[in-house]
Every structure is written in structure tokens, then in C-alpha cells.
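Raw contents of structure27.txt, compact mmCIF, C-alpha atoms:
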# COMPACT_ATOMS: atom_id res chain seq x y z
CA ARG A 1 0.00 0.00 0.00
CA THR A 2 1.18 3.52 -0.77
CA SER A 3 0.47 6.63 1.23
CA SER A 4 1.15 10.32 0.92
CA LYS A 5 4.16 11.44 2.88
CA LYS A 6 3.09 13.95 5.50
CA GLY A 7 3.61 17.56 4.45
CA THR A 8 4.32 16.61 0.80
CA ASP A 9 2.57 15.32 -2.29
CA LYS A 10 5.02 12.39 -2.56
CA PHE A 11 3.76 8.85 -2.18
CA ARG A 12 5.72 6.28 -0.24
CA SER A 13 5.41 2.51 0.15
CA CYS A 14 5.57 0.29 3.25
CA ASP A 15 8.89 -1.01 1.98
CA TRP A 16 10.17 2.55 2.39
CA VAL A 17 8.77 2.59 5.97
CA ALA A 18 10.55 -0.69 6.70
CA GLU A 19 13.91 0.84 5.72
CA ASP A 20 13.81 3.03 8.87
CA SER A 21 10.97 1.48 10.80
CA VAL A 22 11.29 3.11 14.24
CA PRO A 23 10.58 6.75 13.35
CA ARG A 24 8.55 5.96 10.23
CA CYS A 25 6.24 3.47 11.96
CA ASN A 26 5.48 6.15 14.51
CA LYS A 27 4.30 8.40 11.69
CA TYR A 28 2.93 5.96 9.12
CA GLY A 29 2.17 2.78 11.10
CA GLN A 30 -1.55 3.07 10.39
CA PHE A 31 -0.81 2.54 6.70
CA CYS A 32 1.62 -0.35 7.23
CA PRO A 33 0.33 -2.54 10.07
CA LYS A 34 1.99 -5.67 8.72
CA THR A 35 5.33 -3.86 8.74
CA CYS A 36 4.93 -2.03 12.04
CA ASP A 37 2.64 -4.19 14.23
CA PRO A 38 4.53 -7.17 15.73
CA THR A 39 1.24 -8.94 16.53
CA CYS A 40 0.42 -9.30 12.84
CA PRO A 41 1.31 -12.72 11.35
CA THR A 42 4.24 -12.63 8.99
CA GLU A 43 2.54 -14.98 6.55
CA PRO A 44 -1.18 -15.49 5.92
CA PRO A 45 -2.48 -18.92 6.99
CA THR A 46 -2.56 -21.55 4.29
CA GLU A 47 -5.74 -23.34 3.35
CA THR A 48 -4.20 -26.76 3.93
CA PRO A 49 -1.72 -27.93 6.59
CA THR A 50 1.92 -27.50 5.67
CA THR A 51 3.10 -30.48 7.72
CA ALA A 52 3.92 -33.78 6.11
CA THR A 53 1.08 -36.10 5.20
CA PRO A 54 0.43 -38.71 7.91
CA THR A 55 1.68 -42.18 7.06
CA ASP A 56 -0.73 -45.11 6.89
CA THR A 57 1.40 -47.33 9.10
CA PRO A 58 3.67 -46.79 12.10
CA THR A 59 7.27 -45.92 11.26
CA GLU A 60 8.56 -48.86 13.31
CA THR A 61 7.18 -52.37 13.27
CA PRO A 62 6.40 -53.70 16.76
CA THR A 63 8.35 -56.76 17.83
CA ASP A 64 6.57 -60.04 18.44
CA THR A 65 8.20 -60.65 21.80
CA PRO A 66 9.65 -58.43 24.54
CA THR A 67 13.32 -57.63 24.11
CA ASP A 68 14.25 -58.69 27.64
CA GLU A 69 12.76 -61.45 29.77
CA PRO A 70 11.61 -60.29 33.19
CA THR A 71 13.85 -61.48 36.00
CA PHE A 72 12.93 -62.31 39.56
CA SER A 73 14.49 -60.19 42.28
CA PRO A 74 14.67 -60.62 46.06
CA THR A 75 11.49 -59.42 47.72
CA HIS A 76 12.42 -59.01 51.37
CA SER A 77 15.33 -58.47 53.70
CA ARG A 78 15.85 -57.55 57.32
CA GLU A 79 18.88 -56.03 58.93
CA LEU A 80 20.20 -57.75 62.05
CA PRO A 81 22.74 -56.35 64.48
CA GLY A 82 25.39 -58.79 63.31
CA SER A 83 24.38 -59.50 59.71
CA LEU A 84 21.93 -58.84 56.93
CA CYS A 85 19.02 -61.26 56.83
CA VAL A 86 18.62 -61.33 53.09
CA ASP A 87 18.25 -63.84 50.29
CA SER A 88 21.35 -64.71 48.35
CA ASP A 89 21.56 -62.80 45.08
CA THR A 90 23.84 -65.40 43.49
CA TRP A 91 22.06 -68.68 44.25
CA HIS A 92 19.78 -70.22 41.65
CA LYS A 93 18.42 -73.68 41.01
CA ASP A 94 20.13 -76.09 38.59
CA GLY A 95 21.86 -73.40 36.56
CA ASN A 96 18.61 -71.59 35.80
CA PRO A 97 19.12 -67.90 36.76
CA ASN A 98 15.37 -67.21 36.78
CA GLU A 99 14.76 -69.79 39.50
CA ASN A 100 16.47 -67.81 42.24
CA CYS A 101 15.43 -66.89 45.78
CA ALA A 102 12.67 -64.58 44.60
CA TYR A 103 11.30 -67.47 42.57
CA VAL A 104 11.46 -69.64 45.69
CA SER A 105 9.56 -66.96 47.66
CA LEU A 106 6.54 -67.37 45.38
CA ASP A 107 5.93 -70.86 46.80
CA PRO A 108 8.22 -71.28 49.81
CA SER A 109 6.39 -74.21 51.40
CA GLU A 110 7.12 -76.30 48.32
CA ARG A 111 10.36 -74.85 46.95
CA CYS A 112 12.39 -74.24 50.12
CA GLU A 113 12.74 -77.95 50.82
CA ARG A 114 12.47 -79.29 47.30
CA ASP A 115 15.04 -77.14 45.53
CA GLY A 116 18.57 -78.05 46.56
CA GLY A 117 20.19 -75.46 48.81
CA ALA A 118 17.25 -73.04 48.76
CA ALA A 119 16.55 -73.24 52.50
CA ASP A 120 20.11 -72.20 53.34
CA ALA A 121 20.54 -69.64 50.54
CA CYS A 122 17.09 -68.03 50.71
CA VAL A 123 16.83 -67.37 54.42
CA ALA A 124 14.40 -64.47 54.03
CA SER A 125 12.12 -66.22 51.56
CA CYS A 126 12.15 -69.42 53.58
CA SER A 127 11.32 -67.61 56.85
CA LYS A 128 14.61 -68.51 58.52
CA CYS A 129 15.28 -64.95 59.65
CA CYS A 130 13.80 -65.43 63.11
CA THR A 131 15.13 -68.90 63.83
CA ASN A 132 17.99 -69.27 66.31
CA LYS A 133 20.66 -71.83 65.53
CA ASN A 134 21.11 -74.56 68.13
CA LYS A 135 24.82 -73.81 68.42
CA PHE A 136 27.60 -72.01 66.64
CA LYS A 137 31.36 -71.73 66.97
CA LYS A 138 32.72 -68.80 68.96
CA LYS A 139 35.00 -66.64 66.84
CA GLY A 140 38.69 -67.41 67.19
CA THR A 141 38.09 -70.61 69.17
CA ASP A 142 36.90 -74.17 68.74
CA LYS A 143 34.24 -73.69 71.42
CA PHE A 144 30.56 -73.85 70.58
CA ARG A 145 28.08 -71.42 72.06
CA SER A 146 24.28 -71.19 72.16
CA CYS A 147 21.91 -68.26 71.75
CA ASP A 148 21.13 -68.49 75.44
CA TRP A 149 24.77 -67.57 76.01
CA VAL A 150 24.38 -64.60 73.65
CA ALA A 151 21.30 -63.44 75.58
CA GLU A 152 23.32 -63.28 78.82
CA ASP A 153 25.24 -60.27 77.46
CA SER A 154 23.23 -59.34 74.40
CA VAL A 155 24.66 -55.94 73.42
CA PRO A 156 28.25 -56.92 72.54
CA ARG A 157 27.42 -60.52 71.67
CA CYS A 158 24.58 -59.67 69.29
CA ASN A 159 26.98 -57.42 67.41
CA LYS A 160 29.26 -60.41 66.86
CA TYR A 161 26.82 -63.32 66.65
CA GLY A 162 23.47 -61.78 65.70
CA GLN A 163 23.37 -63.74 62.46
CA PHE A 164 23.19 -66.97 64.44
CA CYS A 165 20.59 -65.70 66.94
CA PRO A 166 18.08 -63.48 65.12
CA LYS A 167 15.23 -64.34 67.46
CA THR A 168 17.41 -63.25 70.40
CA CYS A 169 18.95 -60.18 68.78
CA ASP A 170 16.42 -58.81 66.29
CA PRO A 171 13.66 -56.79 68.00
CA THR A 172 11.43 -57.17 64.94
CA CYS A 173 11.21 -60.94 65.42
CA PRO A 174 8.14 -62.12 67.37
CA THR A 175 9.00 -63.31 70.87
CA GLU A 176 6.40 -66.08 70.86
CA PRO A 177 4.65 -67.92 68.02
CA PRO A 178 0.94 -67.10 67.65
CA THR A 179 -1.47 -69.39 69.48
CA GLU A 180 -4.16 -71.34 67.67
CA THR A 181 -6.92 -69.97 69.91
CA PRO A 182 -7.42 -66.47 71.35
CA THR A 183 -5.80 -65.90 74.74
CA THR A 184 -8.35 -63.27 75.84
CA ALA A 185 -11.17 -64.08 78.22
CA THR A 186 -14.33 -65.73 76.97
CA PRO A 187 -17.03 -63.17 76.05
CA THR A 188 -19.85 -62.84 78.63
CA ASP A 189 -23.49 -63.47 77.77
CA THR A 190 -24.67 -60.14 79.18
CA PRO A 191 -23.31 -56.61 79.14
CA THR A 192 -21.08 -55.64 82.06
CA GLU A 193 -23.14 -52.53 82.76
CA THR A 194 -26.90 -52.07 82.79
CA PRO A 195 -28.05 -49.46 80.25
CA THR A 196 -29.62 -46.29 81.65
CA ASP A 197 -33.12 -45.11 80.77
CA THR A 198 -31.91 -41.80 79.45
CA PRO A 199 -28.81 -40.76 77.54
CA THR A 200 -25.86 -39.64 79.65
Is it possible to express this structure as C-alpha cells?
Amino acid sequence: RTSSKKGTDKFRSCDWVAEDSVPRCNKYGQFCPKTCDPTCPTEPPTETPTTATPTDTPTETPTDTPTDEPTFSPTHSRELPGSLCVDSDTWHKDGNPNENCAYVSLDPSERCERDGGAADACVASCSKCCTNKNKFKKKGTDKFRSCDWVAEDSVPRCNKYGQFCPKTCDPTCPTEPPTETPTTATPTDTPTETPTDTPT
């Protein structure tokens, strides 16, 4: 678009305004909004999208099977004063790395005794964490000691022999196995207090 330059009979174009836009847009911006107004789009919108045409199929073909087989991992561990009550992360059954301690933990009643070495290697999965050993050898000697001996001076001895006496040394282990029947008193047939006629 052309416009008359102020104070003259000369006509100027918006290209001329763009050559020195700051002062000229102040004077002639109303004639050249596309040149002077930054909110105006630089190009008019097209009637059709300019992006590439969508493809009919995905660019990558999905695989038939997962790339990696899921592996079992240990599911529980407990820290003892003298050791870590945790399944072995190296043991597995018959050379099959997927049949490890976490695999044993899925069916411990069957697999702990059936699968060779599982009961000793998978102490957490096989619920051996709270079982005291009958006896163990005192460090640096040929003498055998019991967990009752550890209990006689538990603080220093649990630090050394806690792995042999988890029930004695680990406060998270239950002190007594649960009973088959409730130990509380038998419920009475009648309430212990007679209800009042009116609310309290």
C-alpha cells in the first residue's frame, strides 16, 4: 500500500517505511500494520496444513516378543545387628538364573525344601530370619556357644553373633509364636453394665 508522505505530495510505500521502521512506523504505522505491528502474522495462513502427510502405518514395526525377559528379584530383607538377613543374590536352582530366591519366595512351602540349597541360601524367603541356631562356633576358638549364652550379654554378643541368633537379637522378630486360639477371656453373655433409661 502507498500513502502520501506527510507535508508533501510524494507517495511512499511500506517497503520505504521498513527501511527506517522506528521513526517511520510512529508516523505511518496506520498505513503499514503488517510492517509495524509485531502482533500481525508474517505470513497469511494456508488453506491446507503445511506439515507432512500422515503415514498409513507406524514408522517402526512392533516386535513379536519383549526384548528382555523379566527377571525375579529378592522381595524381602531384614537387617540384624550382626548381619543382613537377606536372600542370596547369586544362588539359583540347577543353573537356571530365573529360579532364584525370589522365585522360591513365590511358593516357599514347596520350593524351600524341594530345591537343593534353597533353604540355606534363601533365608528371608524361607522364613529362617527369626530362627535361632542350636549352636555355633565362637569366633577365634573351637568352642561352641548357644543363643542363650548370647542373651546373657546381648549388646556386645549380638553385634558379633546376631546372624546366628536373630530371634534373640532382632527386635522385629516375634518373641512367641501365635497361638491357635485367642488368649483373651471368653465373652460374657450379658453386658457388664446395665443401660440407663436416658442418655448420659
Of A:Cys130, A:Val22, A:Cys112, A:Val155, the one nearest to Thr172 (chain A) when counting all atoms listed in the file is A:Cys130
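One finds CA of Gly162 (chain A) at 27.7 Å from CA of Arg114 (chain A).
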Computed gap from CA of Arg145 (chain A) to CA of Ser88 (chain A) is 25.5 Å
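Among A:Asn26, A:Thr141, A:Ser77, A:Ser154, the residue with the shortest atom-to-atom distance to Ser125 (chain A), counting all atoms listed in the file, is A:Ser77.
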With distances taken over only C-alpha atoms, which of A:Phe11, A:Tyr28, A:Trp91, A:Trp16 is nearest to Val123 (chain A)? A:Trp91
Counting all atoms listed in the file, the option among A:Leu106, A:Trp149, A:Arg111, A:Cys165 closest to Lys133 (chain A): A:Cys165
